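The file start_8.txt contains compact mmCIF, C-alpha atoms and all ligand atoms:
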# COMPACT_ATOMS: atom_id res chain seq x y z
CA MET A 1 97.00 120.24 140.80
CA SER A 2 95.98 119.97 137.16
CA GLU A 3 95.48 116.51 135.67
CA LEU A 4 98.65 114.89 134.31
CA ARG A 5 98.63 114.27 130.57
CA HIS A 6 101.09 112.95 128.00
CA PRO A 7 103.24 115.67 126.38
CA PRO A 8 102.09 117.31 123.10
CA GLY A 9 102.93 115.20 120.05
CA THR A 10 102.90 111.92 121.98
CA PHE A 11 100.10 109.45 122.67
CA ASP A 12 99.12 106.36 124.61
CA VAL A 13 97.94 103.16 122.98
CA LEU A 14 95.79 101.25 125.47
CA PRO A 15 95.52 97.44 125.38
CA ALA A 16 92.10 97.60 123.73
CA ASP A 17 93.63 99.46 120.76
CA SER A 18 97.06 97.90 120.50
CA ALA A 19 96.20 94.76 118.51
CA PRO A 20 96.87 96.43 115.11
CA TRP A 21 100.28 97.61 116.39
CA GLU A 22 101.21 94.11 117.40
CA GLY A 23 99.84 92.66 114.18
CA LEU A 24 101.74 95.19 112.10
CA ILE A 25 105.08 94.47 113.74
CA ARG A 26 104.45 90.73 113.48
CA ALA A 27 103.61 91.06 109.77
CA PHE A 28 106.75 93.14 109.20
CA ALA A 29 108.95 90.62 111.01
CA ARG A 30 107.46 87.80 108.97
CA VAL A 31 108.26 89.52 105.67
CA VAL A 32 111.82 90.63 106.44
CA GLU A 33 112.91 87.60 108.47
CA ALA A 34 111.98 85.45 105.49
CA ALA A 35 114.67 87.38 103.59
CA GLY A 36 117.42 86.94 106.20
CA TYR A 37 117.05 90.10 108.31
CA GLY A 38 117.48 89.66 112.08
CA LEU A 39 116.09 91.86 114.86
CA ILE A 40 118.45 94.51 116.27
CA LEU A 41 117.95 96.60 119.40
CA THR A 42 119.93 99.77 120.03
CA PRO A 43 119.56 102.46 122.72
CA THR A 44 116.89 105.11 122.39
CA PHE A 45 119.54 107.73 123.15
CA GLU A 46 123.05 108.01 121.80
CA ASP A 47 126.01 110.31 121.96
CA LEU A 48 125.05 113.41 119.95
CA ALA A 49 128.00 112.74 117.59
CA VAL A 50 126.24 109.62 116.24
CA PHE A 51 123.68 111.82 114.49
CA LYS A 52 126.08 114.40 113.04
CA ARG A 53 126.26 112.63 109.68
CA VAL A 54 122.47 112.49 109.42
CA GLY A 55 122.96 116.03 108.22
CA GLU A 56 123.87 119.33 109.77
CA SER A 57 121.92 121.12 107.03
CA THR A 58 118.76 119.12 107.70
CA ASP A 59 115.74 120.15 109.78
CA VAL A 60 115.97 116.82 111.59
CA VAL A 61 119.37 117.66 113.09
CA ARG A 62 119.23 121.46 113.15
CA LYS A 63 115.77 122.07 114.50
CA GLU A 64 114.14 118.89 115.68
CA MET A 65 116.64 116.96 117.76
CA TYR A 66 116.02 116.44 121.47
CA ASP A 67 119.52 116.83 122.86
CA PHE A 68 120.76 117.60 126.34
CA GLU A 69 123.68 117.22 128.70
CA ASP A 70 123.22 114.29 131.06
CA LYS A 71 124.24 114.22 134.72
CA GLY A 72 127.67 112.92 133.72
CA GLY A 73 128.26 115.85 131.36
CA ARG A 74 127.76 113.81 128.16
CA HIS A 75 126.01 115.47 125.23
CA ILE A 76 123.15 113.07 124.50
CA ALA A 77 120.43 113.00 121.84
CA LEU A 78 117.20 111.03 121.72
CA ARG A 79 117.42 109.23 118.40
CA PRO A 80 115.60 111.09 115.59
CA GLU A 81 115.98 108.00 113.35
CA MET A 82 117.57 104.57 113.53
CA THR A 83 120.00 104.28 110.61
CA ALA A 84 122.80 106.19 112.34
CA SER A 85 122.34 104.09 115.49
CA VAL A 86 122.55 100.86 113.49
CA ALA A 87 125.66 102.16 111.71
CA ARG A 88 127.18 103.02 115.13
CA ALA A 89 126.41 99.48 116.35
CA PHE A 90 127.97 98.05 113.19
CA ILE A 91 131.16 100.05 113.70
CA GLN A 92 131.33 99.08 117.36
CA HIS A 93 130.72 95.33 116.94
CA ARG A 94 131.99 94.66 113.39
CA PRO A 95 129.72 91.71 112.56
CA PRO A 96 130.62 89.69 109.46
CA LEU A 97 129.34 91.05 106.15
CA PRO A 98 126.83 91.06 104.61
CA TRP A 99 124.92 92.12 107.70
CA LYS A 100 121.15 92.45 107.58
CA SER A 101 119.08 93.76 110.47
CA TRP A 102 115.51 94.91 111.13
CA TYR A 103 114.15 97.10 113.89
CA ALA A 104 110.99 98.47 115.45
CA GLY A 105 111.07 101.37 117.87
CA SER A 106 110.34 104.97 118.68
CA ASN A 107 112.10 108.08 117.42
CA PHE A 108 111.95 111.68 118.57
CA ARG A 109 111.65 114.85 116.52
CA TYR A 110 110.54 118.23 117.82
CA GLU A 111 108.04 118.86 115.02
CA ARG A 112 104.73 120.71 115.01
CA PRO A 113 102.26 117.97 115.96
CA GLN A 114 99.44 117.31 113.49
CA ALA A 115 97.62 114.32 112.01
CA GLY A 116 100.21 111.64 111.27
CA ARG A 117 103.08 113.78 112.64
CA PHE A 118 104.25 113.27 116.20
CA ARG A 119 107.19 114.19 118.44
CA GLU A 120 107.61 110.59 119.50
CA PHE A 121 106.75 108.30 116.59
CA HIS A 122 107.47 104.72 115.66
CA GLN A 123 109.29 103.13 112.78
CA VAL A 124 109.89 99.65 111.48
CA GLY A 125 112.82 99.31 109.13
CA ILE A 126 115.70 97.32 107.73
CA GLU A 127 119.36 98.06 107.07
CA ALA A 128 121.73 95.93 104.96
CA PHE A 129 125.47 96.56 105.18
CA GLY A 130 128.31 95.27 103.07
CA SER A 131 127.12 95.15 99.47
CA ALA A 132 127.03 97.79 96.74
CA ASP A 133 125.03 95.48 94.45
CA PRO A 134 122.00 97.30 92.97
CA ASP A 135 120.06 94.03 93.33
CA LEU A 136 120.23 94.62 97.09
CA ASP A 137 118.56 98.03 96.62
CA VAL A 138 115.81 96.18 94.77
CA GLU A 139 115.53 93.55 97.51
CA VAL A 140 115.14 96.30 100.11
CA MET A 141 112.54 98.21 98.11
CA SER A 142 110.61 95.05 97.30
CA LEU A 143 110.42 94.00 100.97
CA GLY A 144 108.77 97.31 101.85
CA TRP A 145 106.39 96.83 98.96
CA GLU A 146 105.60 93.26 100.02
CA PHE A 147 104.97 94.37 103.59
CA TYR A 148 102.40 96.97 102.46
CA THR A 149 100.62 94.23 100.55
CA ALA A 150 100.63 92.02 103.66
CA ALA A 151 99.23 94.94 105.69
CA GLY A 152 96.41 95.43 103.16
CA ILE A 153 97.67 98.73 101.71
CA THR A 154 97.16 98.67 97.97
CA ARG A 155 96.91 102.42 97.29
CA ARG A 156 100.61 103.23 97.44
CA GLU A 157 103.25 104.47 95.08
CA LEU A 158 107.01 103.95 94.92
CA LEU A 159 108.99 107.09 94.07
CA LEU A 160 112.57 106.55 92.94
CA ASN A 161 115.63 108.70 92.32
CA SER A 162 119.41 108.53 92.21
CA LEU A 163 121.52 111.16 93.96
CA GLY A 164 124.82 110.06 92.40
CA ASP A 165 127.98 109.53 94.44
CA GLY A 166 131.29 111.16 95.34
CA THR A 167 132.31 111.09 91.68
CA CYS A 168 129.37 112.88 90.08
CA ARG A 169 127.58 114.68 92.93
CA PRO A 170 130.16 117.48 93.48
CA ALA A 171 129.95 118.62 89.86
CA TYR A 172 126.15 118.44 89.96
CA ARG A 173 126.09 120.34 93.26
CA ALA A 174 128.16 123.13 91.69
CA LEU A 175 125.86 123.26 88.68
CA LEU A 176 122.74 123.36 90.88
CA LEU A 177 124.26 126.02 93.13
CA ALA A 178 125.09 128.22 90.15
CA TYR A 179 121.52 127.87 88.85
CA LEU A 180 119.95 128.59 92.26
CA GLU A 181 122.26 131.56 92.86
CA SER A 182 121.00 133.10 89.66
CA HIS A 183 117.47 132.80 91.14
CA ARG A 184 118.34 133.58 94.74
CA ASP A 185 115.83 136.44 95.06
CA GLU A 186 112.99 134.12 94.13
CA LEU A 187 113.77 131.48 96.79
CA CYS A 188 112.05 131.27 100.17
CA GLU A 189 113.65 133.33 102.93
CA GLU A 190 115.40 130.41 104.62
CA HIS A 191 117.02 129.17 101.42
CA GLN A 192 118.12 132.64 100.36
CA ILE A 193 120.20 132.65 103.56
CA ARG A 194 121.27 129.01 103.73
CA LEU A 195 121.70 128.22 100.04
CA GLU A 196 125.43 127.43 100.06
CA GLU A 197 125.19 125.05 103.01
CA ASN A 198 123.47 122.39 100.93
CA PRO A 199 121.79 123.48 97.69
CA LEU A 200 120.19 120.02 97.37
CA ARG A 201 117.93 120.88 100.31
CA VAL A 202 116.18 123.44 98.06
CA LEU A 203 114.97 120.55 95.87
CA ASP A 204 113.15 119.21 98.94
CA CYS A 205 111.66 122.58 100.00
CA LYS A 206 107.86 122.53 100.09
CA LYS A 207 107.48 126.32 99.80
CA PRO A 208 105.86 127.36 96.47
CA ALA A 209 108.60 129.96 95.82
CA CYS A 210 111.35 127.33 95.90
CA GLN A 211 109.29 124.79 94.02
CA LYS A 212 108.81 127.25 91.17
CA VAL A 213 112.56 127.79 90.86
CA VAL A 214 113.30 124.08 91.22
CA ALA A 215 111.03 123.25 88.26
CA GLY A 216 113.71 124.59 85.92
CA ALA A 217 116.74 123.32 87.86
CA PRO A 218 119.29 120.88 86.41
CA ARG A 219 118.56 117.27 87.41
CA GLN A 220 121.11 114.95 89.03
CA LEU A 221 119.73 112.14 86.85
CA ASP A 222 121.05 113.93 83.75
CA HIS A 223 124.51 114.21 85.34
CA LEU A 224 125.19 110.75 86.76
CA CYS A 225 128.65 109.25 86.19
CA ASP A 226 128.78 105.97 84.26
CA ASP A 227 128.87 103.78 87.39
CA CYS A 228 125.91 105.55 88.99
CA ALA A 229 123.96 105.47 85.72
CA ALA A 230 124.60 101.70 85.41
CA HIS A 231 123.57 101.21 89.05
CA PHE A 232 120.33 103.13 88.50
CA ALA A 233 119.57 101.21 85.29
CA ARG A 234 120.02 97.88 87.10
CA VAL A 235 117.75 99.05 89.96
CA LYS A 236 115.01 99.95 87.48
CA ASN A 237 115.54 96.66 85.66
CA GLY A 238 115.17 94.72 88.93
CA LEU A 239 111.96 96.52 89.91
CA GLY A 240 110.61 95.77 86.45
CA ALA A 241 111.50 92.08 86.81
CA LEU A 242 109.55 91.95 90.08
CA GLN A 243 106.69 93.89 88.49
CA ILE A 244 106.88 96.61 91.11
CA PRO A 245 105.61 99.86 89.58
CA TYR A 246 107.63 103.00 90.30
CA THR A 247 107.76 106.65 89.33
CA VAL A 248 111.10 108.38 88.83
CA ASP A 249 111.13 111.66 90.77
CA SER A 250 114.31 113.64 90.18
CA LYS A 251 113.52 115.97 93.10
CA LEU A 252 113.45 113.19 95.69
CA VAL A 253 116.47 114.08 97.85
CA ARG A 254 114.90 113.08 101.21
CA GLY A 255 115.32 114.92 104.48
CA LEU A 256 118.62 113.35 105.60
CA ASP A 257 122.09 113.98 104.21
CA TYR A 258 123.72 110.55 104.12
CA TYR A 259 122.25 109.22 100.89
CA THR A 260 124.20 108.18 97.82
CA ARG A 261 122.77 106.75 94.60
CA THR A 262 119.34 105.20 95.19
CA THR A 263 116.74 107.12 97.19
CA PHE A 264 113.10 106.11 97.37
CA GLU A 265 109.87 106.87 99.15
CA TYR A 266 106.56 105.06 99.49
CA ALA A 267 103.62 107.46 99.20
CA GLY A 268 100.16 106.52 100.46
CA LEU A 269 97.63 107.55 97.81
CA GLY A 270 94.72 107.45 100.24
CA LEU A 271 96.23 110.04 102.62
CA GLU A 272 96.53 113.84 102.77
CA SER A 273 99.80 115.08 101.27
CA ALA A 274 101.14 116.28 104.67
CA GLN A 275 101.10 112.72 106.00
CA ASN A 276 101.37 110.62 102.85
CA ALA A 277 105.05 109.66 103.25
CA LEU A 278 104.49 106.11 104.46
CA GLY A 279 108.21 105.43 104.52
CA GLY A 280 111.45 105.97 102.71
CA GLY A 281 115.06 105.04 102.44
CA GLY A 282 118.00 104.61 100.17
CA ARG A 283 121.63 103.78 99.86
CA TYR A 284 124.21 105.37 102.18
CA ASP A 285 127.58 104.08 100.99
CA GLY A 286 129.55 106.86 102.69
CA LEU A 287 127.87 106.82 106.11
CA VAL A 288 129.91 104.17 107.91
CA SER A 289 133.25 105.64 106.83
CA ALA A 290 132.08 109.18 107.63
CA MET A 291 131.29 107.94 111.15
CA GLY A 292 134.84 106.60 111.52
CA GLY A 293 134.23 102.98 110.48
CA PRO A 294 135.63 100.92 107.60
CA ASP A 295 134.46 101.84 104.12
CA THR A 296 131.19 99.85 103.98
CA PRO A 297 128.22 100.32 101.68
CA GLY A 298 124.68 100.12 103.03
CA VAL A 299 121.05 100.44 102.04
CA GLY A 300 117.79 100.41 103.98
CA PHE A 301 114.45 101.99 104.72
CA ALA A 302 112.22 103.01 107.61
CA LEU A 303 108.42 103.04 107.57
CA GLY A 304 106.28 105.17 109.87
CA VAL A 305 104.01 102.93 111.94
CA GLU A 306 101.44 105.69 112.65
CA ARG A 307 101.25 106.51 108.93
CA ILE A 308 100.86 102.85 107.98
CA LEU A 309 98.00 102.46 110.44
CA LEU A 310 96.33 105.58 108.97
CA ALA A 311 96.67 104.07 105.49
CA VAL A 312 95.34 100.69 106.64
CA GLU A 313 92.40 102.49 108.25
CA ALA A 314 91.73 104.41 105.02
CA GLU A 315 91.62 101.12 103.13
CA GLY A 316 88.99 99.36 105.17
CA GLY A 317 90.20 99.01 108.72
CA THR A 318 92.80 97.42 110.88
CA ASP A 319 90.89 94.19 111.66
CA ARG A 320 93.03 92.29 109.21
CA LEU A 321 96.17 93.21 111.15
CA ALA A 322 94.54 92.47 114.50
CA ALA A 323 93.31 89.00 113.52
CA GLY A 324 94.42 86.06 115.62
CA ARG A 325 94.62 87.79 118.97
CA GLY A 326 92.38 87.52 122.01
CA LEU A 327 91.77 85.22 124.91
CA ASP A 328 90.78 81.58 124.59
CA VAL A 329 89.18 81.19 127.99
CA PHE A 330 88.05 83.15 131.02
CA VAL A 331 87.84 81.37 134.36
CA VAL A 332 84.83 82.07 136.59
CA ASP A 333 85.12 80.64 140.11
CA PHE A 334 82.47 80.90 142.82
CA GLY A 335 82.81 77.32 144.07
CA GLY A 336 83.69 78.22 147.61
CA SER A 337 87.38 77.27 147.62
CA GLY A 338 88.43 80.82 148.48
CA GLY A 339 89.78 81.30 144.94
CA ASP A 340 92.01 78.18 144.91
CA ALA A 341 90.07 76.43 142.14
CA GLY A 342 90.18 79.46 139.81
CA ARG A 343 93.85 80.11 140.53
CA ASP A 344 94.88 76.50 139.88
CA LEU A 345 92.71 76.07 136.80
CA THR A 346 94.09 79.26 135.24
CA ALA A 347 97.66 78.06 135.89
CA LEU A 348 96.83 74.67 134.35
CA LEU A 349 95.40 76.27 131.21
CA ARG A 350 98.30 78.69 130.77
CA ALA A 351 100.84 75.89 131.29
CA ALA A 352 99.09 74.04 128.45
CA GLY A 353 99.66 77.06 126.17
CA LEU A 354 96.09 78.39 126.23
CA ARG A 355 95.39 82.11 126.57
CA ALA A 356 93.55 82.38 129.83
CA ASP A 357 92.45 85.12 132.21
CA ARG A 358 90.39 85.10 135.39
CA ALA A 359 88.57 87.34 137.85
CA PHE A 360 90.14 88.39 141.16
CA ASP A 361 88.83 89.70 144.48
CA GLY A 362 86.22 86.92 144.98
CA ARG A 363 83.62 88.88 143.05
CA SER A 364 79.99 87.83 142.62
CA PRO A 365 79.11 85.28 139.89
CA LYS A 366 77.27 88.05 138.01
CA ALA A 367 80.31 90.35 138.05
CA GLN A 368 82.59 87.50 136.97
CA PHE A 369 80.34 86.55 134.02
CA LYS A 370 80.25 90.19 132.98
CA ALA A 371 84.06 90.30 133.07
CA ALA A 372 84.16 87.08 131.02
CA ASP A 373 81.92 88.66 128.35
CA ARG A 374 84.00 91.84 128.27
CA SER A 375 87.26 89.90 127.97
CA GLY A 376 86.44 88.74 124.45
CA ALA A 377 87.31 85.13 125.36
CA ARG A 378 85.71 82.34 123.33
CA LEU A 379 84.88 80.16 126.33
CA ALA A 380 84.11 80.61 130.02
CA LEU A 381 85.27 77.85 132.36
CA VAL A 382 83.01 77.87 135.37
CA VAL A 383 83.60 76.40 138.81
CA GLY A 384 80.38 76.77 140.87
CA PRO A 385 79.46 74.84 144.02
CA ASP A 386 78.25 71.78 142.01
CA GLU A 387 81.46 71.60 139.95
CA ALA A 388 83.61 72.08 143.05
CA ALA A 389 81.81 69.19 144.79
CA GLY A 390 82.07 66.91 141.73
CA GLY A 391 85.65 67.76 140.64
CA THR A 392 84.39 69.09 137.30
CA VAL A 393 84.44 72.32 135.31
CA ALA A 394 81.55 73.68 133.27
CA ILE A 395 82.40 74.97 129.80
CA LYS A 396 80.26 77.75 128.40
CA ASP A 397 80.63 79.04 124.87
CA LEU A 398 80.48 82.84 125.11
CA GLN A 399 79.94 83.38 121.42
CA THR A 400 77.01 81.00 120.84
CA SER A 401 74.14 80.16 123.13
CA ALA A 402 75.05 76.45 123.15
CA ASP A 403 74.30 74.58 126.38
CA GLN A 404 76.95 74.47 129.03
CA VAL A 405 78.69 71.07 129.47
CA SER A 406 80.58 69.74 132.46
CA VAL A 407 83.84 67.79 132.19
CA PRO A 408 86.21 66.34 134.79
CA VAL A 409 89.11 68.71 135.61
CA ALA A 410 91.55 66.18 134.15
CA ASP A 411 89.86 66.44 130.73
CA VAL A 412 89.45 70.18 130.64
CA VAL A 413 92.48 71.07 128.52
CA ALA A 414 91.67 68.47 125.84
CA GLU A 415 88.02 69.53 125.75
CA VAL A 416 88.90 73.23 125.45
CA ARG A 417 91.36 72.53 122.66
CA GLN A 418 88.73 70.57 120.75
CA ARG A 419 86.17 73.33 121.11
CA LEU A 420 88.64 75.99 119.96
CA GLY A 421 89.35 73.87 116.90
P1 LIG Z 1 112.57 109.47 107.24
O1 LIG Z 1 112.02 109.76 105.88
O2 LIG Z 1 113.05 110.61 108.02
O3 LIG Z 1 113.72 108.40 107.03
O4 LIG Z 1 111.48 108.71 108.09
C1 LIG Z 1 110.88 107.53 107.62
C2 LIG Z 1 109.39 107.56 107.87
O5 LIG Z 1 109.12 107.81 109.24
C3 LIG Z 1 108.64 108.66 107.15
O6 LIG Z 1 108.38 108.31 105.81
C4 LIG Z 1 107.36 108.73 107.97
O7 LIG Z 1 106.48 107.68 107.60
C5 LIG Z 1 107.86 108.47 109.36
N1 LIG Z 1 108.02 109.72 110.12
C6 LIG Z 1 109.03 110.61 110.07
N2 LIG Z 1 108.83 111.64 110.92
C7 LIG Z 1 107.64 111.41 111.52
C8 LIG Z 1 106.86 112.10 112.51
N3 LIG Z 1 107.28 113.23 113.08
N4 LIG Z 1 105.69 111.55 112.89
C9 LIG Z 1 105.24 110.39 112.34
N5 LIG Z 1 105.94 109.70 111.42
C10 LIG Z 1 107.11 110.19 111.01
C11 LIG Z 1 114.48 107.88 108.05
O8 LIG Z 1 114.20 107.97 109.21
C12 LIG Z 1 115.64 107.05 107.55
N6 LIG Z 1 116.36 106.54 108.73
C13 LIG Z 1 115.17 105.94 106.65
C14 LIG Z 1 116.27 105.05 106.17
C15 LIG Z 1 116.61 103.85 106.67
N7 LIG Z 1 117.12 105.33 105.18
C16 LIG Z 1 117.97 104.33 105.05
N8 LIG Z 1 117.69 103.43 105.96
As structure tokens, please, write out the structure in this file.
Amino acid sequence: MSELRHPPGTFDVLPADSAPWEGLIRAFARVVEAAGYGLILTPTFEDLAVFKRVGESTDVVRKEMYDFEDKGGRHIALRPEMTASVARAFIQHRPPLPWKSWYAGSNFRYERPQAGRFREFHQVGIEAFGSADPDLDVEVMSLGWEFYTAAGITRRELLLNSLGDGTCRPAYRALLLAYLESHRDELCEEHQIRLEENPLRVLDCKKPACQKVVAGAPRQLDHLCDDCAAHFARVKNGLGALQIPYTVDSKLVRGLDYYTRTTFEYAGLGLESAQNALGGGGRYDGLVSAMGGPDTPGVGFALGVERILLAVEAEGGTDRLAAGRGLDVFVVDFGGSGGDAGRDLTALLRAAGLRADRAFDGRSPKAQFKAADRSGARLALVVGPDEAAGGTVAIKDLQTSADQVSVPVADVVAEVRQRLG
């Protein structure tokens, strides 16, 4: 039988490499919880209908969704993104407004795997429901910006656009469609066929043929209604007040169909263009009602964890994120108690809140010291025959060559704490 491996486009993160992941999620939680966002968990799979409004004209829904019939005959999809799931949870539970949540979890898209692009990938994100205030758009965008700073990513750019709303978008759509129809022959093959379905998708097309046509296309920004124009002006004003630099990009429609008004993306300037979308989001005032809920505005973003780690790596490494982890002590026991001393000492240390590990299987002193070194712990606590006879524990600093000292078992926790500072 051939060796079992993880499926294409997925990966394992082993404990030795997971510290930056943990650090990143902790840093994200710190930033958004300080602004009133609370953790939400939703299922990894949902009824297919939940993702309908993400966009039937989008690649995400049309080509990339993992969907199947389960054993009970339900049509299920692995979530390709989290916003629709959070909106579904909002509609189901109706929490009081405003309602602010944050999440961290994996998503599934059947894409062609490449650097920074996976079939199961991870996002952290926030969603805020219940306010149409443009200052909330600014809060959301600024939290993403602040998080990148906390993660050590300085080479990033905020791209900003407004897609209008139900008042001004239909007229713009008609105008855009008329323009694109007059250039239909010049569009890429897919958009020649699918143009009417959603002409805005052409703005997002990466094929040179479409991009050439789009360069001369009418811009939504020149056709915003008064309310959308005022909203956009206030968003720009708020970013200015917070001194967050941004670039207006009138072609930024994003790959999902639920957006209204503000859309934005964070681009990593240290990454290749195929993987430089570090995250993105926007306002989706029509999503909840389109999914059958009460008319409720919302705004949020999601950031790609794999992309963020690539960007952190490109800017000098992930050590900064990983800081603060690791074991305090490793217990080495060859005192002849049949493992009792090591077992009880480890329990004592853990109960006192110290991070402690130990060796098992009654291994030789040499093997246990080797394990202690490999564990990365600051200190080794050693119970040899002398310590066992005297009711003491020897403390050895694994990071300096300082002499080992022996202390009574009763004093061990206090002594370890003092040494760890
Ligand atoms: P999205 O732009 O589809 O937006 O995804 C957000 C981020 O997830 C991307 O910028 C990228 O960093 C990462 N990402 C997407 N696909 C992949 C992939 N195949 N492999 C690795 N990373 C990937 C959304 O998902 C929206 N739900 C964002 C949002 C929240 N809008 C409002 N609220």
Note to self: What does the list of residues within 8 Å of ligand LIG 1 (chain Z) look like if you count all atoms listed in the file, written as a PyMOL selection string?
What the structure shows: chain A and resi 60+80-84+108-111+113+116-123+125-127+254-256+259+265-266+275-284+299-308
Check: In Å, with one decimal, what is the gap from atom CA of A:Ala34 to atom CA of A:Leu321?
Finding: 18.5 Å
Checklist line | For A:Arg30, the nearest of the candidates A:Thr58, A:Ala151, A:Thr44, A:Arg378, counting only C-alpha atoms | finding: A:Ala151
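Proximity of A:Pro43, A:Gly391, A:Gly298, A:Gly338 to A:Ser85, computed with all atoms listed in the file, is greatest for A:Pro43.
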Item checked: Shell of 10 Å around A:Gly336, only C-alpha atoms, local chain residues under 2 positions omitted, as a list of chain:residue names -> A:Asp333, A:Phe334, A:Gly338, A:Gly339, A:Asp340, A:Ala341, A:Gly362, A:Val383, A:Gly384, A:Pro385, A:Ala388, A:Ala389
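Atom to atom, atom CA of A:Leu381 and atom CA of A:Ala394 stand 5.7 Å apart.
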